[in-house]
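Colleague: Enclosed is the structure file query.cif (mmCIF, C-alpha atoms and all ligand atoms).
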```cif
data_protein
loop_
_atom_site.label_atom_id
_atom_site.label_comp_id
_atom_site.auth_asym_id
_atom_site.auth_seq_id
_atom_site.Cartn_x
_atom_site.Cartn_y
_atom_site.Cartn_z
CA MET R 1 -7.41 -5.58 -19.22
CA GLU R 2 -9.18 -6.82 -16.09
CA THR R 3 -12.50 -5.25 -17.08
CA SER R 4 -12.46 -6.14 -20.79
CA SER R 5 -14.86 -9.02 -21.45
CA LEU R 6 -12.68 -10.39 -24.28
CA ALA R 7 -9.57 -10.39 -22.09
CA GLN R 8 -11.58 -11.97 -19.29
CA ARG R 9 -12.53 -14.84 -21.59
CA LEU R 10 -8.86 -15.40 -22.41
CA SER R 11 -7.95 -15.39 -18.72
CA THR R 12 -9.95 -18.59 -18.22
CA ARG R 13 -6.90 -20.50 -19.49
CA PHE R 14 -5.31 -20.09 -16.03
CA VAL R 15 -8.10 -18.70 -13.83
CA ALA R 16 -11.17 -20.59 -12.52
CA GLY R 17 -13.53 -17.62 -12.93
CA SER R 18 -14.39 -14.37 -11.25
CA THR R 19 -16.51 -15.61 -8.32
CA LEU R 20 -16.09 -17.94 -5.35
CA ASP R 21 -18.83 -20.13 -6.83
CA ASP R 22 -16.73 -20.52 -10.00
CA ALA R 23 -13.76 -21.62 -7.88
CA LEU R 24 -15.89 -24.05 -5.84
CA ALA R 25 -17.25 -25.57 -9.05
CA VAL R 26 -13.71 -26.14 -10.31
CA GLY R 27 -12.75 -27.53 -6.89
CA ARG R 28 -15.62 -30.00 -7.01
CA ARG R 29 -14.71 -31.12 -10.53
CA LEU R 30 -11.03 -31.59 -9.64
CA ASN R 31 -11.89 -33.48 -6.42
CA ALA R 32 -13.96 -35.86 -8.55
CA GLU R 33 -10.77 -36.52 -10.58
CA GLY R 34 -8.85 -37.29 -7.38
CA ILE R 35 -7.11 -33.90 -7.20
CA THR R 36 -7.21 -31.62 -4.14
CA VAL R 37 -7.09 -27.82 -4.47
CA THR R 38 -5.78 -24.66 -2.89
CA LEU R 39 -7.95 -21.66 -3.71
CA ASP R 40 -6.32 -18.30 -4.27
CA HIS R 41 -8.39 -15.14 -4.35
CA LEU R 42 -6.42 -13.09 -6.88
CA GLY R 43 -5.04 -9.79 -5.77
CA GLU R 44 -1.68 -8.42 -4.69
CA SER R 45 -0.16 -5.04 -3.89
CA VAL R 46 -3.42 -3.55 -2.60
CA THR R 47 -3.47 0.26 -2.43
CA SER R 48 -4.80 0.74 1.11
CA LEU R 49 -5.33 -1.03 4.42
CA GLU R 50 -9.09 -0.92 3.75
CA GLU R 51 -8.53 -3.00 0.61
CA ALA R 52 -6.38 -5.38 2.65
CA ALA R 53 -9.17 -5.81 5.22
CA ALA R 54 -11.63 -6.49 2.39
CA ALA R 55 -9.27 -9.16 1.01
CA ARG R 56 -9.05 -10.74 4.47
CA ASP R 57 -12.85 -10.79 4.70
CA VAL R 58 -13.11 -12.60 1.37
CA TYR R 59 -10.76 -15.29 2.69
CA LEU R 60 -12.74 -15.51 5.94
CA ARG R 61 -15.72 -16.45 3.74
CA VAL R 62 -13.74 -18.84 1.55
CA LEU R 63 -12.69 -21.22 4.36
CA PRO R 64 -16.25 -22.04 5.56
CA ALA R 65 -17.45 -22.14 1.93
CA ILE R 66 -14.88 -24.85 1.13
CA ARG R 67 -15.96 -26.82 4.20
CA ASP R 68 -19.69 -26.41 3.52
CA ALA R 69 -19.26 -27.50 -0.10
CA GLY R 70 -17.46 -30.63 1.14
CA ILE R 71 -14.41 -29.79 -0.97
CA GLN R 72 -10.96 -31.22 -0.22
CA GLY R 73 -9.07 -27.97 -0.27
CA ASN R 74 -7.42 -25.09 1.55
CA VAL R 75 -6.32 -21.55 0.67
CA SER R 76 -3.24 -19.69 -0.51
CA LEU R 77 -2.72 -15.96 -0.02
CA LYS R 78 -0.20 -13.21 -0.67
CA LEU R 79 0.94 -10.89 2.11
CA THR R 80 0.91 -7.80 -0.14
CA GLN R 81 -2.80 -8.49 -0.58
CA PHE R 82 -3.15 -8.48 3.21
CA GLY R 83 -1.47 -5.07 3.55
CA LEU R 84 2.26 -5.79 3.90
CA ASP R 85 3.26 -2.70 1.91
CA PHE R 86 1.52 -0.48 4.46
CA SER R 87 2.02 -2.09 7.84
CA TYR R 88 3.64 -5.33 8.92
CA ASP R 89 1.59 -5.37 12.12
CA GLU R 90 -1.77 -4.80 10.40
CA CYS R 91 -0.92 -7.36 7.76
CA LYS R 92 -0.03 -9.87 10.45
CA ALA R 93 -3.26 -9.14 12.34
CA ASN R 94 -5.22 -9.81 9.12
CA VAL R 95 -3.43 -13.10 8.49
CA GLU R 96 -3.74 -14.06 12.16
CA ARG R 97 -7.54 -13.85 11.98
CA LEU R 98 -7.53 -16.22 9.05
CA VAL R 99 -5.01 -18.66 10.54
CA ASN R 100 -6.96 -18.69 13.81
CA CYS R 101 -10.12 -19.52 11.85
CA ALA R 102 -8.23 -22.25 9.90
CA ALA R 103 -6.91 -23.75 13.15
CA GLN R 104 -10.44 -23.96 14.57
CA MET R 105 -11.67 -25.57 11.36
CA LYS R 106 -8.65 -27.91 11.28
CA THR R 107 -7.64 -26.71 7.85
CA PHE R 108 -4.62 -24.89 6.48
CA VAL R 109 -3.42 -21.55 5.11
CA ARG R 110 -0.47 -21.36 2.72
CA VAL R 111 1.36 -18.05 2.47
CA ASP R 112 2.72 -17.62 -1.08
CA MET R 113 6.19 -16.14 -1.53
CA GLU R 114 6.51 -12.90 -3.49
CA SER R 115 9.65 -11.01 -4.60
CA SER R 116 12.80 -11.11 -2.47
CA GLU R 117 12.16 -7.76 -0.75
CA TYR R 118 9.38 -9.59 1.16
CA THR R 119 11.15 -12.86 1.99
CA ASP R 120 12.34 -12.01 5.52
CA ARG R 121 9.04 -10.47 6.57
CA THR R 122 7.07 -13.38 5.11
CA LEU R 123 9.17 -15.96 6.96
CA ASP R 124 9.07 -13.98 10.24
CA LEU R 125 5.29 -13.77 10.07
CA VAL R 126 4.83 -17.46 9.27
CA HIS R 127 7.29 -18.62 11.96
CA ASP R 128 5.47 -16.53 14.56
CA LEU R 129 1.91 -17.53 13.61
CA HIS R 130 2.89 -21.18 13.26
CA ALA R 131 4.32 -21.19 16.78
CA ARG R 132 0.97 -19.95 18.11
CA TYR R 133 -1.60 -21.71 15.90
CA GLY R 134 -0.01 -24.32 13.60
CA SER R 135 -2.28 -24.45 10.50
CA VAL R 136 0.01 -22.24 8.38
CA GLY R 137 2.81 -23.00 5.95
CA VAL R 138 4.93 -21.11 3.47
CA VAL R 139 6.58 -21.25 0.04
CA ILE R 140 10.31 -21.48 -0.68
CA GLN R 141 11.77 -20.45 -4.03
CA ALA R 142 14.65 -22.63 -5.23
CA TYR R 143 16.13 -19.77 -7.30
CA LEU R 144 17.05 -17.82 -4.15
CA ARG R 145 20.60 -18.42 -2.90
CA ARG R 146 19.41 -18.20 0.71
CA SER R 147 16.81 -20.97 0.45
CA ARG R 148 18.80 -23.88 1.88
CA HIS R 149 19.25 -22.01 5.14
CA ASP R 150 15.53 -21.10 5.22
CA VAL R 151 14.44 -24.68 4.51
CA GLU R 152 16.64 -26.06 7.30
CA ARG R 153 15.03 -23.71 9.81
CA LEU R 154 11.50 -24.46 8.58
CA CYS R 155 12.19 -28.20 8.87
CA ARG R 156 13.46 -27.78 12.44
CA GLU R 157 10.21 -26.03 13.38
CA GLY R 158 7.98 -28.52 11.54
CA ILE R 159 6.51 -25.86 9.22
CA ARG R 160 5.08 -27.15 5.96
CA VAL R 161 6.89 -25.94 2.83
CA ARG R 162 5.74 -25.72 -0.78
CA LEU R 163 8.86 -25.78 -2.94
CA CYS R 164 8.73 -23.89 -6.24
CA LYS R 165 11.38 -22.52 -8.61
CA GLY R 166 10.36 -18.86 -8.21
CA ALA R 167 8.39 -16.55 -10.51
CA TYR R 168 9.82 -13.04 -10.04
CA LEU R 169 12.64 -11.20 -11.79
CA GLU R 170 15.45 -11.08 -9.22
CA PRO R 171 19.02 -9.68 -9.32
CA HIS R 172 21.78 -12.29 -9.62
CA THR R 173 23.09 -11.21 -6.22
CA VAL R 174 20.13 -12.93 -4.56
CA ALA R 175 19.00 -15.49 -7.15
CA PHE R 176 20.59 -18.02 -9.51
CA ALA R 177 20.40 -16.65 -13.03
CA HIS R 178 20.73 -19.91 -15.01
CA LYS R 179 18.05 -22.55 -15.30
CA LYS R 180 20.50 -25.37 -14.64
CA ASP R 181 21.51 -23.80 -11.29
CA VAL R 182 17.87 -23.27 -10.31
CA ASP R 183 17.05 -26.88 -11.20
CA ARG R 184 20.06 -28.19 -9.25
CA SER R 185 19.02 -26.11 -6.22
CA TYR R 186 15.45 -27.37 -6.58
CA VAL R 187 16.51 -31.02 -6.50
CA GLU R 188 18.80 -30.44 -3.48
CA LEU R 189 16.01 -28.73 -1.55
CA MET R 190 13.49 -31.39 -2.61
CA LYS R 191 15.75 -34.06 -1.06
CA LEU R 192 16.18 -32.06 2.12
CA LEU R 193 12.41 -31.60 2.44
CA MET R 194 11.67 -35.24 1.65
CA ASP R 195 14.12 -36.30 4.38
CA LYS R 196 13.35 -33.74 7.07
CA GLY R 197 10.31 -31.69 6.06
CA GLU R 198 6.74 -31.78 7.30
CA TYR R 199 4.49 -33.06 4.47
CA PRO R 200 6.41 -31.30 1.65
CA ALA R 201 4.66 -29.97 -1.44
CA ILE R 202 6.71 -30.38 -4.61
CA ALA R 203 5.30 -27.64 -6.84
CA THR R 204 6.57 -27.92 -10.40
CA HIS R 205 5.62 -28.96 -13.94
CA ASP R 206 9.20 -29.93 -14.73
CA GLU R 207 9.12 -33.59 -15.82
CA GLN R 208 12.77 -34.17 -15.00
CA VAL R 209 12.37 -32.82 -11.46
CA ILE R 210 9.17 -34.82 -10.97
CA ALA R 211 10.98 -37.99 -12.10
CA GLU R 212 13.82 -37.28 -9.65
CA THR R 213 11.30 -36.75 -6.83
CA LYS R 214 9.58 -40.07 -7.56
CA ALA R 215 12.94 -41.85 -7.71
CA TYR R 216 14.10 -40.29 -4.44
CA ALA R 217 10.84 -41.20 -2.68
CA ALA R 218 11.19 -44.79 -3.89
CA GLU R 219 14.88 -44.99 -2.88
CA ARG R 220 14.17 -43.63 0.64
CA LYS R 221 10.95 -45.66 0.97
CA ILE R 222 8.90 -42.50 1.53
CA ALA R 223 5.18 -43.30 1.38
CA ARG R 224 3.10 -41.67 -1.35
CA ASP R 225 0.85 -40.03 1.24
CA ALA R 226 3.81 -38.40 3.04
CA PHE R 227 4.18 -35.65 0.41
CA GLU R 228 2.25 -34.14 -2.48
CA PHE R 229 2.90 -32.73 -5.91
CA GLN R 230 1.36 -29.39 -6.74
CA MET R 231 0.70 -27.75 -10.10
CA LEU R 232 -1.08 -24.67 -11.41
CA TYR R 233 -4.63 -24.84 -12.73
CA GLY R 234 -4.55 -24.99 -16.53
CA ILE R 235 -0.93 -26.12 -16.91
CA ARG R 236 0.15 -29.59 -18.09
CA ARG R 237 -3.16 -31.45 -17.73
CA ASP R 238 -1.45 -34.51 -19.23
CA LEU R 239 1.13 -34.64 -16.45
CA GLN R 240 -1.56 -34.00 -13.82
CA ARG R 241 -3.61 -36.99 -15.00
CA GLN R 242 -0.53 -39.19 -15.16
CA LEU R 243 0.49 -38.44 -11.56
CA VAL R 244 -3.00 -39.21 -10.25
CA ALA R 245 -3.18 -42.43 -12.28
CA GLU R 246 0.16 -43.48 -10.75
CA GLY R 247 -1.26 -42.99 -7.25
CA TYR R 248 0.58 -39.81 -6.26
CA ARG R 249 -1.13 -37.03 -4.37
CA LEU R 250 -1.73 -33.91 -6.45
CA ARG R 251 -3.06 -30.51 -5.45
CA LEU R 252 -3.85 -27.75 -7.94
CA TYR R 253 -3.48 -24.05 -7.24
CA VAL R 254 -6.80 -22.59 -8.38
CA PRO R 255 -6.91 -18.79 -8.68
CA PHE R 256 -10.19 -16.91 -8.97
CA GLY R 257 -11.37 -13.31 -8.92
CA ASN R 258 -11.16 -10.23 -11.11
CA ALA R 259 -7.61 -9.09 -10.31
CA TRP R 260 -6.00 -11.65 -12.59
CA TYR R 261 -3.66 -9.49 -14.65
CA PRO R 262 -0.30 -9.81 -12.75
CA TYR R 263 -0.85 -13.56 -12.16
CA TYR R 264 -1.67 -14.05 -15.82
CA MET R 265 1.37 -12.11 -16.97
CA ARG R 266 3.69 -14.26 -14.82
CA ARG R 267 2.22 -17.38 -16.46
CA LEU R 268 2.76 -15.92 -19.95
CA ALA R 269 6.32 -14.88 -19.11
CA GLU R 270 7.20 -18.41 -17.96
CA ARG R 271 6.49 -19.82 -21.37
CA PRO R 272 6.60 -17.56 -24.43
CA ALA R 273 4.62 -20.17 -26.42
CA ASN R 274 1.65 -19.18 -24.26
CA VAL R 275 1.60 -15.79 -25.95
CA LEU R 276 1.14 -17.46 -29.35
CA PHE R 277 -1.62 -19.61 -27.88
CA ILE R 278 -3.38 -16.51 -26.54
CA LEU R 279 -2.97 -14.58 -29.80
CA ARG R 280 -4.38 -17.49 -31.82
CA ASN R 281 -7.43 -17.55 -29.53
CA LEU R 282 -7.79 -13.80 -29.74
CA PHE R 283 -8.12 -13.99 -33.53
CA ARG R 284 -10.54 -16.94 -33.27
CA GLN R 285 -12.78 -14.89 -30.95
C1 LIG A 1 1.30 -24.87 -6.95
C2 LIG A 1 2.27 -23.79 -7.30
C3 LIG A 1 2.39 -22.69 -6.47
C4 LIG A 1 3.33 -21.69 -6.75
N1 LIG A 1 3.51 -20.66 -5.86
C5 LIG A 1 4.50 -19.77 -6.09
C6 LIG A 1 4.84 -18.78 -5.12
O1 LIG A 1 4.26 -18.69 -4.03
N2 LIG A 1 5.85 -17.91 -5.41
C7 LIG A 1 6.54 -17.97 -6.60
O2 LIG A 1 7.47 -17.19 -6.80
N3 LIG A 1 6.21 -18.88 -7.55
C8 LIG A 1 5.21 -19.77 -7.32
N4 LIG A 1 4.93 -20.71 -8.28
C9 LIG A 1 5.48 -20.57 -9.66
C10 LIG A 1 6.83 -21.23 -9.81
O3 LIG A 1 7.79 -20.50 -9.07
C11 LIG A 1 7.25 -21.26 -11.29
O4 LIG A 1 7.33 -19.97 -11.80
C12 LIG A 1 6.34 -22.07 -12.19
O5 LIG A 1 5.81 -23.18 -11.51
C13 LIG A 1 7.10 -22.60 -13.41
O6 LIG A 1 8.18 -23.39 -13.00
P1 LIG A 1 8.25 -25.00 -13.15
O7 LIG A 1 8.71 -25.53 -11.85
O8 LIG A 1 6.98 -25.53 -13.63
O9 LIG A 1 9.46 -25.25 -14.14
P2 LIG A 1 9.85 -24.65 -15.55
O10 LIG A 1 11.23 -25.14 -15.81
O11 LIG A 1 9.58 -23.20 -15.63
O12 LIG A 1 8.83 -25.38 -16.52
C14 LIG A 1 8.85 -26.78 -16.74
C15 LIG A 1 7.79 -27.13 -17.77
O13 LIG A 1 6.49 -26.84 -17.23
C16 LIG A 1 5.63 -26.30 -18.22
N5 LIG A 1 5.26 -24.92 -17.81
C17 LIG A 1 5.82 -24.19 -16.83
N6 LIG A 1 5.20 -22.99 -16.71
C18 LIG A 1 4.26 -22.97 -17.67
C19 LIG A 1 3.29 -22.00 -18.08
N7 LIG A 1 3.18 -20.82 -17.47
N8 LIG A 1 2.47 -22.32 -19.11
C20 LIG A 1 2.55 -23.52 -19.72
N9 LIG A 1 3.45 -24.47 -19.39
C21 LIG A 1 4.28 -24.20 -18.39
C22 LIG A 1 6.39 -26.33 -19.52
O14 LIG A 1 6.11 -27.58 -20.13
C23 LIG A 1 7.83 -26.28 -19.04
O15 LIG A 1 8.73 -26.83 -19.98
C24 LIG A 1 4.06 -21.76 -7.98
C25 LIG A 1 3.94 -22.86 -8.81
C26 LIG A 1 3.08 -23.88 -8.49
C27 LIG A 1 3.00 -25.07 -9.38
#
```
Would you mind writing the file out in structure tokens?
Modeller:
Amino acid sequence: METSSLAQRLSTRFVAGSTLDDALAVGRRLNAEGITVTLDHLGESVTSLEEAAAARDVYLRVLPAIRDAGIQGNVSLKLTQFGLDFSYDECKANVERLVNCAAQMKTFVRVDMESSEYTDRTLDLVHDLHARYGSVGVVIQAYLRRSRHDVERLCREGIRVRLCKGAYLEPHTVAFAHKKDVDRSYVELMKLLMDKGEYPAIATHDEQVIAETKAYAAERKIARDAFEFQMLYGIRRDLQRQLVAEGYRLRLYVPFGNAWYPYYMRRLAERPANVLFILRNLFRQ
């Protein structure tokens, strides 16, 4: 799929393009619309530590490229792309080089959250690097039963959190199975982060949750520059424009690169109507 030119054309629905220049061009365009970005070089579950080092080197080029292009943006990465399946220590050394570079450049690295087998190691790594460098934050998934406890600790340590619902298939022992429970958990954690968190990122396209966040911010007199909404590139452009027009901060997650297949499949799985959209385009091509 990743090497088929037809499939690659379809991937542009959710992916900025295959090169860093493609991502920077999208970043520039979004900045002009008043939207900041976080660039994600696609790739996860690398098959060797050499691949992990290569992924790290790409990110070490992305940070100065964002600065040199004058783009308002930072980066997001996945620990399995930095070698977590092979060695916690090597993975951490790879991320440390990037976080150190981000600290010197006064920018920021967000560590995405993957499936629940990685949650403890991801949080350990972020807590440790944050204590030494700052400049790093993490993602919390509202569908996990453990998340309230994790958010409380992250707030105590002043670590920035992006709150999302969660995108992986998890057993009901660790995650809420029903949408209404996930949404309830999301709103509870949103309130906790808005009260006690360090510049929270409310990452969702759920209009109801967004409305509750706006209402809570207004009720608690939380300034619009004290938090940001985040959405995925290519999803709900209408809502994105509306938030910016209303004066809220919005950052888009902009993935780029050739290894788009797993990311793309998660986006299709979230909304079956996307499959129809893709099929219709396939026949048009
Ligand atoms: C900036 C950002 C970063 C993220 N990082 C992570 C991460 O690190 N780890 C992780 O597990 N998950 C991550 N996610 C994904 C997240 O967990 C959800 O899977 C995803 O955002 C869909 O949930 P939702 O909050 O939009 O609500 P939902 O209830 O799933 O959707 C609400 C509405 O949003 C729209 N929508 C949602 N998804 C799609 C889609 N794919 N295509 C078209 N419309 C859609 C639909 O209108 C839908 O009705 C991230 C999401 C965002 C926005």
Colleague: Just checking: using all atoms listed in the file, which residue out of R:Phe82, R:Val244, R:Asp22, R:Ile35 ends up closest to R:Glu50?
Modeller: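 Smallest distance to R:Glu50 is found for R:Phe82.
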Colleague: So that all listed atoms of stretch 174-187 of chain R fit with 5 Å spare on each side, what axis-aligned box centre and edge lengths in Å, to one decimal, would you give as AutoDock Vina command-line options?
Modeller:
```
--center_x 18.5 --center_y -22.0 --center_z -9.9 --size_x 16.1 --size_y 28.1 --size_z 20.7
```
Colleague: Go through R:Val275, R:Ile140, R:Leu250, R:Leu129 and flag the residue nearest R:Ala167, using all atoms listed in the file for the distances.
Modeller: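 Of the candidates, the smallest distance to R:Ala167 is held by R:Ile140.
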Colleague: At most 12 Å is the cut-off: for each residue in stretch 103-214 of chain R with any atom that close to an atom of stretch 252-265 of chain R, write down the nearest atom pair and the distance in Å rounded to one decimal, counting all atoms listed in the file, chain first then increasing number, as a tab-separated table.
Modeller:
```
residue	atom	partner	partner_atom	distance
R:Arg110	CA	R:Tyr253	CA	10.7
R:Asp112	CA	R:Tyr253	CA	10.9
R:Glu114	CA	R:Tyr263	CA	11.4
R:Arg162	CA	R:Tyr253	CA	11.4
R:Ala167	CA	R:Tyr263	CA	9.9
R:Tyr168	CA	R:Tyr263	CA	10.9
R:Ala201	CA	R:Leu252	CA	10.9
R:Ile202	CA	R:Leu252	CA	11.4
R:Ala203	CA	R:Leu252	CA	9.2
R:Thr204	CA	R:Leu252	CA	10.7
R:His205	CA	R:Leu252	CA	11.3
```
Colleague: Nearest residue to ligand LIG 1 (chain A) out of R:Gly43, R:Pro171, R:Gly166, R:Pro272, using all atoms listed in the file?
Modeller: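 Of R:Gly43, R:Pro171, R:Gly166, R:Pro272, the one nearest ligand LIG 1 (chain A) is R:Gly166, counting all atoms listed in the file.
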Colleague: Residues within 8 Å of ligand LIG 1 (chain A) should be enumerated using only C-alpha atoms and all ligand atoms and returned as a ChimeraX atom specification.
Modeller: /R:78,111-115,138-141,162-168,179,183,203-207,230-232,234-236,251-253,266-271,273-274
Colleague: Nearest residue to R:Arg29 out of R:Met190, R:Ala16, R:Val182, R:Leu169, using only C-alpha atoms?
Modeller: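 Ranked by minimum distance to R:Arg29, first place goes to R:Ala16.
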Colleague: Near R:Asp128, within 10 Å and counting only C-alpha atoms, which residues show up once chain neighbours fewer than 5 positions away are dropped, as a list of chain:residue names?
Modeller: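 Counting only the stated atoms, we get R:Lys92, R:Glu96, R:Leu123, R:Tyr133, R:Gly134.
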Colleague: Kindly give the distance, in Å, that separates atom CA of R:Ser76 and atom CA of R:Val109, rounded to a single decimal.
Modeller: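 Atom CA of R:Val109 lies at a distance of 5.9 Å from atom CA of R:Ser76.
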Colleague: Can you tell me how far atom CA of R:Ala131 sits from atom CA of R:Ala93, in Å to one decimal?
Modeller: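 So the two atoms, atom CA of R:Ala131 and atom CA of R:Ala93, lie 14.9 Å apart.
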Colleague: Counting all atoms listed in the file, which of R:Glu152, R:Asp40, R:Glu228, R:Glu170 gets nearest to R:Leu193?
Modeller: R:Glu152
Colleague: In Å to one decimal, how far is atom CA of R:Ser135 from atom CA of R:Phe108?
Modeller: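 So the two atoms, atom CA of R:Phe108 and atom CA of R:Ser135, lie 4.7 Å apart.
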Colleague: For a quick check of understanding, using only C-alpha atoms, which of R:Leu49, R:Ala54, R:Ala103, R:Val209 has the smallest distance to R:Tyr88?
Modeller: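 Closest to R:Tyr88 of all the choices is R:Leu49.
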